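Undergrad: This is the content of structure_4.cif (mmCIF, C-alpha atoms):
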data_work
loop_
_atom_site.label_atom_id
_atom_site.label_comp_id
_atom_site.auth_asym_id
_atom_site.auth_seq_id
_atom_site.Cartn_x
_atom_site.Cartn_y
_atom_site.Cartn_z
CA MET L 1287 67.71 1.39 14.26
CA ARG L 1288 68.20 -2.31 13.70
CA VAL L 1289 65.20 -2.90 15.91
CA LEU L 1290 63.08 -0.59 13.76
CA THR L 1291 64.21 -2.32 10.58
CA LYS L 1292 63.18 -5.65 12.08
CA VAL L 1293 59.81 -4.19 13.07
CA LEU L 1294 59.22 -2.94 9.52
CA ILE L 1295 60.11 -6.31 8.05
CA ALA L 1296 57.93 -8.10 10.60
CA CYS L 1297 54.99 -5.89 9.65
CA ALA L 1298 55.55 -6.18 5.91
CA ALA L 1299 55.59 -9.98 5.94
CA PRO L 1300 52.00 -10.49 7.15
CA LEU L 1301 50.86 -7.75 4.77
CA ALA L 1302 52.36 -9.65 1.86
CA LEU L 1303 50.77 -12.89 3.04
CA THR L 1304 47.42 -11.20 3.51
CA GLY L 1305 47.65 -9.67 0.08
CA ALA L 1306 48.32 -13.06 -1.44
CA ALA L 1307 45.30 -14.55 0.31
CA ARG L 1308 43.05 -11.61 -0.45
CA HIS L 1309 39.58 -12.37 -1.69
CA ILE L 1310 38.60 -10.13 -4.55
CA THR L 1311 34.89 -10.32 -5.01
CA PRO L 1312 33.61 -8.17 -7.85
CA THR L 1313 31.14 -9.89 -10.09
CA VAL L 1314 32.48 -11.21 -13.37
CA VAL L 1315 30.15 -11.26 -16.34
CA LEU L 1316 30.96 -14.45 -18.24
CA HIS L 1317 28.32 -13.89 -20.90
CA LYS L 1318 26.16 -10.83 -21.52
CA GLU L 1319 22.46 -11.44 -21.14
CA ALA L 1320 21.69 -10.07 -24.59
CA ASP L 1321 24.20 -12.46 -26.17
CA VAL L 1322 22.73 -15.41 -24.29
CA ILE L 1323 19.20 -14.56 -25.42
CA ARG L 1324 20.33 -14.13 -29.02
CA SER L 1325 22.23 -17.42 -29.14
CA ALA L 1326 19.64 -19.40 -27.17
CA LEU L 1327 16.81 -18.34 -29.50
CA PRO L 1328 18.44 -18.52 -32.95
CA THR L 1329 15.14 -18.63 -34.86
CA ALA L 1330 13.68 -15.61 -33.10
CA THR L 1331 13.31 -12.42 -35.08
CA GLN L 1332 11.43 -10.43 -32.46
CA PHE L 1333 12.24 -10.27 -28.78
CA PHE L 1334 10.09 -9.34 -25.80
CA LEU L 1335 10.51 -8.76 -22.08
CA ARG L 1336 7.78 -10.09 -19.85
CA LYS L 1337 7.84 -8.79 -16.28
CA VAL L 1338 5.81 -10.79 -13.82
CA THR L 1339 4.94 -9.35 -10.42
CA ILE L 1340 4.58 -12.33 -8.13
CA GLY L 1341 1.22 -12.78 -6.44
CA LYS L 1342 0.69 -14.26 -2.99
CA ALA L 1343 -0.62 -17.54 -4.33
CA ASP L 1344 2.30 -18.03 -6.70
CA LEU L 1345 4.84 -17.05 -4.04
CA ALA L 1346 3.43 -19.76 -1.79
CA ARG L 1347 3.70 -22.22 -4.67
CA ILE L 1348 7.32 -21.26 -5.40
CA LYS L 1349 8.21 -21.78 -1.74
CA GLN L 1350 6.45 -25.12 -1.75
CA GLU L 1351 8.00 -26.33 -5.01
CA ASP L 1352 11.60 -25.19 -4.48
CA GLY L 1353 11.87 -23.90 -0.91
CA PHE L 1354 13.01 -20.42 -1.82
CA ALA L 1355 11.54 -16.95 -2.16
CA PRO L 1356 12.83 -14.64 -4.91
CA ASP L 1357 14.75 -11.60 -3.67
CA GLU L 1358 12.55 -9.22 -5.62
CA PRO L 1359 8.82 -9.22 -6.31
CA GLU L 1360 9.34 -8.94 -10.06
CA VAL L 1361 10.74 -11.70 -12.30
CA LYS L 1362 11.87 -11.03 -15.87
CA PHE L 1363 11.31 -13.51 -18.69
CA TYR L 1364 12.78 -12.85 -22.11
CA TYR L 1365 11.14 -14.53 -25.05
CA GLY L 1366 11.43 -14.45 -28.79
CA ASN L 1367 9.04 -15.06 -31.65
CA ASP L 1368 10.04 -16.40 -35.04
CA ALA L 1369 9.18 -14.78 -38.36
CA ASN L 1370 5.70 -16.40 -38.25
CA GLY L 1371 5.00 -14.97 -34.80
CA ALA L 1372 5.34 -18.34 -33.11
CA LEU L 1373 7.15 -18.63 -29.79
CA ALA L 1374 10.80 -19.58 -30.31
CA GLY L 1375 11.64 -19.99 -26.65
CA VAL L 1376 11.99 -18.31 -23.26
CA VAL L 1377 15.11 -17.28 -21.35
CA VAL L 1378 15.24 -16.51 -17.64
CA PHE L 1379 18.24 -15.52 -15.50
CA PRO L 1380 17.90 -17.03 -12.02
CA GLN L 1381 20.56 -16.27 -9.44
CA VAL L 1382 21.85 -17.92 -6.27
CA ASN L 1383 23.66 -15.73 -3.72
CA THR L 1384 26.36 -17.16 -1.49
CA GLN L 1385 29.12 -15.84 0.75
CA HIS L 1386 31.42 -16.30 -2.26
CA GLY L 1387 29.23 -14.06 -4.38
CA PRO L 1388 26.39 -14.64 -6.82
CA TRP L 1389 25.99 -17.29 -9.49
CA GLU L 1390 23.61 -16.38 -12.29
CA VAL L 1391 22.68 -18.64 -15.17
CA GLY L 1392 20.89 -18.04 -18.46
CA LEU L 1393 18.31 -20.81 -18.71
CA ALA L 1394 16.69 -21.29 -22.13
CA ILE L 1395 13.45 -23.23 -22.46
CA ASP L 1396 11.74 -24.21 -25.70
CA PRO L 1397 8.00 -23.77 -26.37
CA ASN L 1398 7.39 -27.30 -25.06
CA GLY L 1399 8.89 -26.43 -21.69
CA THR L 1400 12.13 -28.34 -22.22
CA VAL L 1401 15.53 -26.92 -21.31
CA THR L 1402 17.59 -26.31 -24.44
CA SER L 1403 20.66 -24.63 -22.96
CA VAL L 1404 22.16 -23.34 -19.74
CA VAL L 1405 24.97 -20.81 -19.64
CA VAL L 1406 26.62 -19.34 -16.55
CA THR L 1407 26.36 -15.59 -17.00
CA LYS L 1408 27.69 -14.26 -13.72
CA ALA L 1409 30.23 -15.41 -11.15
CA THR L 1410 33.04 -13.67 -9.26
CA VAL L 1411 36.80 -13.45 -9.63
CA GLU L 1412 37.01 -16.05 -6.88
CA THR L 1413 34.37 -18.44 -8.18
CA LYS L 1414 35.03 -18.20 -11.91
CA PRO L 1415 37.82 -20.85 -11.93
CA TRP L 1416 35.67 -23.28 -9.93
CA THR L 1417 32.75 -22.66 -12.27
CA GLU L 1418 34.85 -23.13 -15.39
CA LYS L 1419 36.19 -26.41 -14.03
CA ALA L 1420 32.64 -27.65 -13.44
CA ILE L 1421 31.69 -26.56 -16.97
CA ARG L 1422 34.68 -28.41 -18.42
CA ALA L 1423 33.39 -31.52 -16.64
CA HIS L 1424 30.33 -31.22 -18.95
CA LEU L 1425 27.95 -30.16 -16.18
CA MET L 1426 25.90 -28.01 -18.53
CA ASP L 1427 25.20 -30.88 -20.92
CA HIS L 1428 23.19 -32.65 -18.24
CA PHE L 1429 20.64 -29.86 -17.96
CA ARG L 1430 19.47 -30.22 -21.55
CA GLY L 1431 16.14 -31.99 -21.82
CA LEU L 1432 15.08 -31.26 -18.24
CA ARG L 1433 11.51 -30.17 -17.71
CA PRO L 1434 9.80 -28.36 -14.84
CA GLY L 1435 9.24 -30.84 -12.05
CA ASP L 1436 12.29 -32.94 -12.92
CA ASP L 1437 14.94 -33.49 -10.27
CA VAL L 1438 17.70 -31.12 -11.42
CA MET L 1439 20.14 -32.50 -8.86
CA ARG L 1440 20.46 -35.54 -11.13
CA ALA L 1441 22.87 -33.43 -13.18
CA LEU L 1442 25.34 -33.60 -10.31
CA GLN L 1443 25.35 -37.39 -10.31
CA SER L 1444 27.40 -37.35 -13.49
CA LEU L 1445 30.24 -35.51 -11.75
CA ASP L 1446 33.05 -37.22 -9.89
CA ARG L 1447 33.25 -35.12 -6.76
CA ALA L 1448 36.69 -36.37 -5.72
CA GLN L 1449 38.16 -35.76 -9.16
CA LEU L 1450 36.47 -32.40 -9.69
CA GLY L 1451 37.50 -30.96 -6.33
CA LYS L 1452 35.56 -29.53 -3.41
CA MET L 1453 35.01 -25.95 -4.60
CA PRO L 1454 34.30 -26.73 -8.29
CA TYR L 1455 31.73 -29.24 -7.03
CA TYR L 1456 30.31 -26.53 -4.79
CA ALA L 1457 30.09 -24.27 -7.85
CA ALA L 1458 28.31 -27.07 -9.73
CA GLU L 1459 25.82 -27.38 -6.87
CA LYS L 1460 25.06 -23.66 -6.97
CA VAL L 1461 24.68 -23.62 -10.75
CA THR L 1462 22.33 -26.59 -10.47
CA GLN L 1463 20.40 -24.86 -7.73
CA ALA L 1464 20.02 -21.80 -9.97
CA VAL L 1465 18.73 -23.98 -12.81
CA GLY L 1466 16.20 -25.55 -10.43
CA ARG L 1467 15.00 -22.13 -9.34
CA GLY L 1468 14.70 -20.99 -12.94
CA LEU L 1469 12.58 -24.00 -13.84
CA THR L 1470 10.34 -23.37 -10.85
CA LEU L 1471 9.91 -19.72 -11.76
CA TYR L 1472 9.10 -20.70 -15.34
CA GLN L 1473 6.61 -23.35 -14.24
CA VAL L 1474 4.81 -21.13 -11.75
CA LEU L 1475 5.00 -17.68 -13.29
CA TYR L 1476 5.44 -17.90 -17.03
CA LYS L 1477 2.26 -18.07 -19.01
CA THR L 1478 2.45 -18.05 -22.77
CA PRO L 1479 1.26 -14.64 -23.96
CA GLN L 1480 -1.95 -14.77 -25.92
CA MET R 916 61.60 7.67 24.21
CA MET R 917 60.61 4.21 23.04
CA GLY R 918 58.44 4.12 19.90
CA LEU R 919 59.48 7.39 18.27
CA TYR R 920 62.39 7.77 15.95
CA SER R 921 63.64 10.11 13.26
CA LEU R 922 63.10 9.00 9.68
CA ARG R 923 65.51 11.69 8.55
CA ASN R 924 68.29 10.16 10.66
CA ALA R 925 67.25 6.56 10.08
CA ASP R 926 69.34 3.97 8.29
CA ARG R 927 69.13 4.18 4.49
CA SER R 928 67.38 0.80 4.37
CA VAL R 929 64.57 2.12 6.55
CA LYS R 930 64.14 5.15 4.29
CA ILE R 931 64.06 2.93 1.20
CA ALA R 932 61.50 0.62 2.84
CA ALA R 933 59.27 3.53 3.86
CA VAL R 934 59.31 5.20 0.43
CA LEU R 935 58.86 1.98 -1.51
CA PHE R 936 56.01 0.90 0.73
CA LEU R 937 54.20 4.15 0.06
CA LEU R 938 54.89 4.08 -3.67
CA VAL R 939 53.69 0.51 -4.05
CA LEU R 940 50.67 1.32 -1.89
CA GLY R 941 49.90 4.20 -4.25
CA TYR R 942 50.27 1.81 -7.17
CA ALA R 943 47.59 -0.39 -5.58
CA TYR R 944 45.40 2.62 -4.74
CA GLY R 945 45.42 3.58 -8.42
CA PHE R 946 43.87 0.27 -9.31
CA ALA R 947 41.53 0.50 -6.32
CA PHE R 948 40.25 3.77 -7.74
CA LEU R 949 39.66 2.20 -11.16
CA MET R 950 37.93 -0.77 -9.54
CA VAL R 951 35.63 1.41 -7.47
CA ARG R 952 34.83 3.58 -10.48
CA HIS R 953 34.03 0.52 -12.59
CA TRP R 954 32.08 -1.59 -10.08
CA SER R 955 30.48 0.93 -7.81
CA GLY R 956 30.69 4.38 -9.34
CA LEU R 957 31.87 7.60 -7.75
CA THR R 958 28.65 9.49 -7.14
CA PRO R 959 26.50 9.09 -4.01
CA ALA R 960 23.62 7.77 -6.13
CA ASP R 961 25.78 5.10 -7.78
CA VAL R 962 27.34 4.02 -4.50
CA ALA R 963 23.95 3.85 -2.79
CA ALA R 964 22.59 1.74 -5.66
CA THR R 965 25.49 -0.69 -5.20
CA TYR R 966 24.97 -1.30 -1.49
CA THR R 967 21.38 -0.43 -0.62
CA PRO R 968 19.39 -3.66 -0.71
CA PRO R 969 16.49 -4.02 -3.14
CA PRO R 970 13.09 -3.53 -1.56
CA GLY R 971 12.70 -7.30 -1.23
CA ILE R 972 9.44 -9.15 -1.05
CA GLU R 973 6.91 -7.92 1.47
CA GLU R 974 4.19 -10.50 1.25
CA SER R 975 1.45 -8.25 2.55
CA ALA R 976 2.13 -5.82 -0.30
CA LEU R 977 1.88 -8.47 -3.03
CA PRO R 978 -1.23 -8.79 -5.18
CA GLU R 979 -3.34 -11.90 -4.65
CA GLN R 980 -2.62 -13.11 -8.18
CA SER R 981 0.52 -12.60 -10.25
CA ARG R 982 0.27 -10.05 -12.99
CA ALA R 983 2.44 -9.53 -16.04
CA THR R 984 3.37 -6.81 -18.46
CA THR R 985 5.06 -7.37 -21.81
CA GLN R 986 7.13 -4.99 -23.87
CA ALA R 987 9.14 -5.26 -27.06
CA LEU R 988 12.86 -5.65 -26.48
CA ASP R 989 15.79 -4.34 -28.50
CA LEU R 990 18.67 -6.64 -27.62
CA ASN R 991 21.18 -4.14 -28.95
CA ALA R 992 19.94 -1.55 -26.48
CA MET R 993 19.88 -3.95 -23.54
CA GLN R 994 22.05 -2.56 -20.78
CA GLY R 995 24.21 -4.63 -18.51
CA GLU R 996 22.97 -5.04 -14.98
CA ARG R 997 24.42 -2.95 -12.20
CA HIS R 998 26.93 -4.67 -9.94
CA THR R 999 25.48 -4.93 -6.45
CA VAL R 1000 26.95 -6.13 -3.18
CA ASP R 1001 24.57 -8.29 -1.19
CA THR R 1002 24.88 -8.92 2.54
CA GLN R 1003 26.81 -12.17 2.22
CA LEU R 1004 29.32 -10.59 -0.14
CA LEU R 1005 29.67 -7.58 2.15
CA ILE R 1006 30.46 -9.86 5.09
CA GLN R 1007 33.26 -11.42 3.08
CA ASP R 1008 34.50 -8.06 1.83
CA SER R 1009 34.45 -6.65 5.37
CA HIS R 1010 36.42 -9.40 7.03
CA ILE R 1011 39.18 -9.14 4.46
CA HIS R 1012 39.29 -5.43 3.70
CA ILE R 1013 38.96 -4.08 7.23
CA MET R 1014 41.87 -6.28 8.28
CA ILE R 1015 43.97 -5.07 5.35
CA TYR R 1016 43.03 -1.44 6.09
CA ALA R 1017 44.21 -1.96 9.69
CA ILE R 1018 47.52 -3.46 8.58
CA VAL R 1019 48.10 -0.63 6.11
CA ALA R 1020 47.22 1.95 8.78
CA ALA R 1021 49.65 0.28 11.19
CA LEU R 1022 52.45 0.46 8.63
CA GLU R 1023 51.60 4.07 7.85
CA THR R 1024 51.73 4.75 11.58
CA LEU R 1025 55.27 3.38 11.75
CA ILE R 1026 56.25 5.99 9.18
CA ILE R 1027 54.26 8.77 10.87
CA LEU R 1028 56.14 8.11 14.12
CA GLY R 1029 59.39 8.93 12.35
CA LEU R 1030 58.29 12.22 10.82
CA GLU R 1031 59.09 14.27 13.90
CA TRP R 1032 55.71 15.95 13.88
CA ARG R 1033 54.21 17.62 16.91
CA PRO R 1034 52.01 15.28 18.98
CA ALA R 1035 48.66 16.75 17.92
CA PRO R 1036 49.03 16.44 14.12
CA ARG R 1037 50.82 13.12 14.58
CA ASP R 1038 47.96 11.66 16.61
CA LEU R 1039 45.41 13.16 14.21
CA MET R 1040 47.07 11.45 11.26
CA ILE R 1041 47.23 8.12 13.11
CA VAL R 1042 43.54 8.34 13.98
CA ALA R 1043 42.74 9.32 10.38
CA ALA R 1044 44.80 6.43 8.99
CA PHE R 1045 42.81 3.91 11.01
CA GLY R 1046 39.52 5.80 11.10
CA PHE R 1047 38.81 6.34 7.42
CA GLY R 1048 39.08 2.61 6.68
CA ALA R 1049 36.65 1.82 9.46
CA LEU R 1050 34.26 4.58 8.36
CA ASP R 1051 34.38 3.32 4.75
CA PHE R 1052 32.79 0.04 5.80
CA ALA R 1053 30.58 1.72 8.39
CA GLY R 1054 29.03 3.62 5.49
CA GLN R 1055 28.63 0.42 3.47
CA TRP R 1056 26.87 -1.35 6.35
CA LEU R 1057 24.61 1.63 7.02
CA MET R 1058 23.61 1.56 3.34
CA LYS R 1059 23.07 -2.19 3.65
CA ALA R 1060 20.74 -1.41 6.56
CA GLY R 1061 18.69 0.55 4.05
CA ILE R 1062 20.02 4.03 4.82
CA GLY R 1063 21.15 4.97 1.33
CA GLY R 1064 22.06 8.50 2.42
CA PHE R 1065 25.24 7.18 4.02
CA SER R 1066 26.84 6.74 0.62
CA TRP R 1067 28.52 10.10 1.27
CA LEU R 1068 30.29 8.55 4.29
CA THR R 1069 31.82 5.80 2.17
CA ILE R 1070 32.82 8.25 -0.56
CA ALA R 1071 34.30 10.75 1.92
CA SER R 1072 36.19 7.95 3.68
CA GLY R 1073 37.70 6.81 0.40
CA TRP R 1074 38.93 10.32 -0.36
CA GLY R 1075 40.06 10.61 3.26
CA MET R 1076 42.25 7.53 2.88
CA ALA R 1077 43.69 9.03 -0.29
CA ALA R 1078 44.37 12.35 1.50
CA VAL R 1079 46.16 10.59 4.38
CA TYR R 1080 48.23 8.71 1.86
CA LEU R 1081 49.21 11.81 -0.12
CA VAL R 1082 50.13 13.83 2.98
CA LEU R 1083 52.21 10.93 4.25
CA LEU R 1084 53.91 10.38 0.90
CA ILE R 1085 54.88 14.03 0.55
CA ALA R 1086 56.04 14.31 4.17
CA THR R 1087 58.07 11.12 3.88
CA ILE R 1088 59.81 12.16 0.68
CA VAL R 1089 60.64 15.53 2.22
CA ARG R 1090 62.09 13.75 5.28
CA VAL R 1091 64.22 11.22 3.43
CA LEU R 1092 65.74 13.71 1.00
CA PRO R 1093 69.14 14.96 2.09
CA ALA R 1094 68.87 18.08 4.24
CA ARG R 1095 69.99 21.29 2.57
CA PRO R 1096 73.38 22.42 3.77
CA ALA R 1097 73.26 25.47 5.97
CA ALA R 1098 74.02 28.69 4.10
CA ARG R 1099 77.56 29.85 4.60
CA SER R 1100 78.01 33.38 5.72
CA GLU R 1101 80.32 35.39 3.54
CA THR R 1102 82.65 37.66 5.29
#
Take the structure in the file and write it out as structure tokens.
TA:
Amino acid sequence: MRVLTKVLIACAAPLALTGAARHITPTVVLHKEADVIRSALPTATQFFLRKVTIGKADLARIKQEDGFAPDEPEVKFYYGNDANGALAGVVVFPQVNTQHGPWEVGLAIDPNGTVTSVVVTKATVETKPWTEKAIRAHLMDHFRGLRPGDDVMRALQSLDRAQLGKMPYYAAEKVTQAVGRGLTLYQVLYKTPQ
Amino acid sequence: MMGLYSLRNADRSVKIAAVLFLLVLGYAYGFAFLMVRHWSGLTPADVAATYTPPPGIEESALPEQSRATTQALDLNAMQGERHTVDTQLLIQDSHIHIMIYAIVAALETLIILGLEWRPAPRDLMIVAAFGFGALDFAGQWLMKAGIGGFSWLTIASGWGMAAVYLVLLIATIVRVLPARPAARSET
């Protein structure tokens, strides 16, 4: 019986260790898309959804500009008009998928094509702390003012990799990559509605 | 016979360990149920939508030029997006969860061996304890391969794991409770 007790304890120990190291990977919504659109376009009184089905020519351009192909053939742009019917801005939600789960950002662009805000909308239980640490290091501030064609990776230069830590820096890279993809999608696919 | 023992006659500490393990496991399963209900859903359609990959881009099917449609949007009516598990996430989930399923099944097996069941039901329960966990992820990978109809396999496996757990919990509690004293004959 003592042997059995030892066996039970020996089996329970690795279970406890495994449980402690368990990766829980459901997606965590940090900000709802509707809230991001509303706050990113404060002067808008009317909102619209523009769905763009990517054509062959534009897909080739996206691959050439940013080296990626969207997962789905349809890209959604959300835009708002102010009380005079003028464009208040556009919001797009590009996503980067990794083995740690997806990162999605809400990228807001003004009518002149300049980034006005970036908000991380989706991460995972595992990646949320890394992402929040990168945000606290003021990563998001460095996206403001970017325009399509700009080198988004410049935003990372402001971060001290050693101080931030390996995984928060990784999160910052993925967020930056998502911003880059969003700008490319905007540049290639978004045409101001007539 | 090495490997088999009697839970009924086991040391009190072994009985306590077996019962507490099962109760705490049930505690975790309760949250697992809530998590699955919240992130994946409980119907075959919901589960299939979580794991079956989107159609993806097939270049030959794309139009030559991009085309757009515009519609008015009510932000208040905007629904949250469905949680989906892409291939990379499923790889990570698999390598962790299948291992944990195997460890749990091994611990359940240690208890099953002490229940003094006949060989056939004992072996069936051991196979079920290991098998349902494996089938759960088999279903997820078959859906990931684009065969959405296998959502039933994942759902059935989840309920199968729960059934194994409940049978084991009840059998264990029955075994660890003090045996009824034999009825005295009155003369």
Undergrad: Using only C-alpha atoms, determine which residues of chain R fall within 9 Å of chain L; present them as a PyMOL selection string.
TA: chain R and resi 920+925-926+928-929+932-933+936+950+954+969-996+998-1008+1011-1012+1014-1015+1018-1019+1021-1022+1025
Undergrad: Which one of L:Thr1402, L:Ala1330, L:Asp1396, L:Glu1351 sits closest to Gly1371 of chain L if you count only C-alpha atoms?
TA: L:Ala1330
Undergrad: For segment 995-1013 of chain R, I'd like the enclosing box, axis-aligned and padded by 8 Å on every side, reported as lines of an AutoDock Vina configuration file with centre and edge lengths in Å to one decimal.
TA:
center_x = 31.1
center_y = -7.6
center_z = -5.6
size_x = 32.3
size_y = 25.2
size_z = 41.7
Undergrad: Return as a list in words the set of residues that the PyMOL selection byres ((chain L and resi 1428) around 12) yields on the displayed structure.
TA: Val1401, Thr1402, Ser1403, Val1404, Ala1420, Ile1421, Ala1423, His1424, Leu1425, Met1426, Asp1427, Phe1429, Arg1430, Gly1431, Leu1432, Arg1433, Asp1437, Val1438, Met1439, Arg1440, Ala1441, Leu1442, Gln1443, Ser1444, Leu1445, Ala1458, Val1461, Thr1462 and Val1465 of chain L
Undergrad: As an exercise, work out the distance from atom CA of Tyr1472 of chain L to atom CA of Glu1459 of chain L in Å and give it to one decimal place.
TA: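 Spanning atom CA of Tyr1472 of chain L to atom CA of Glu1459 of chain L is a straight-line distance of 19.9 Å.
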Undergrad: How many Å separate atom CA of Pro1380 of chain L from atom CA of Ala1326 of chain L?
TA: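 Taking atom CA of Pro1380 of chain L as the start and atom CA of Ala1326 of chain L as the end point, the length is 15.4 Å.
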Undergrad: Translate the PyMOL selection byres ((chain R and resi 1026-1031) around 6) into a concrete residue list for this structure, as a VMD selection string.
TA: chain R and resid 919 to 922 1023 to 1025 1032
Undergrad: Which value, in Å to one decimal, gives the distance between atom CA of Tyr1080 of chain R and atom CA of Asp961 of chain R?
TA: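 Computing the Euclidean distance for atom CA of Tyr1080 of chain R and atom CA of Asp961 of chain R yields 24.7 Å.
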Undergrad: Where does the PyMOL selection byres ((chain R and resi 1041) around 8) land in this file, that is, which residues does it pick, as a list of chain:residue names?
TA: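 Output from the PyMOL selection byres ((chain R and resi 1041) around 8), applied to this file: R:Ala1020, R:Glu1023, R:Thr1024, R:Ile1027, R:Arg1037, R:Asp1038, R:Leu1039, R:Met1040, R:Val1042, R:Ala1043, R:Ala1044, R:Phe1045.
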Undergrad: Quick one: everything within 8 Å of Ile1070 of chain R, counting all atoms listed in the file, minus sequence neighbours fewer than 5 positions away in the same chain. Send it as a VMD selection string.
TA: chain R and resid 957 to 959 962 1051
Undergrad: Measuring atom to atom with all atoms listed in the file, identify which of L:Gln1350, L:Thr1470, L:Ser1325, L:Gln1381 is nearest to Gly1399 of chain L.
TA: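 Among the listed residues, the smallest separation from Gly1399 of chain L belongs to L:Thr1470.
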Undergrad: Identify, on the basis of all atoms listed in the file, every residue whose closest approach to Val1091 of chain R does not exceed 8 Å; exclude the query and any residue fewer than 3 positions from it along the same chain; express the result as a list in words.
TA: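 So the residues in contact are Leu922, Arg923, Lys930, Thr1087 and Ile1088 of chain R.
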Undergrad: Next, write the just-selected residues to a file, as a CSV table (one decimal), in the coordinates of the input, keeping C-alpha atoms as the atom set.
TA:
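The resulting part13.csv:
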chain,number,residue,atom,x,y,z
R,922,LEU,CA,63.1,9.0,9.7
R,923,ARG,CA,65.5,11.7,8.6
R,930,LYS,CA,64.1,5.2,4.3
R,1087,THR,CA,58.1,11.1,3.9
R,1088,ILE,CA,59.8,12.2,0.7
Undergrad: From the set L:Val1322, L:Gly1466, L:Thr1329, L:Thr1417, which residue has the shortest atom-to-atom contact distance to Asp1368 of chain L, counting all atoms listed in the file?
TA: L:Thr1329
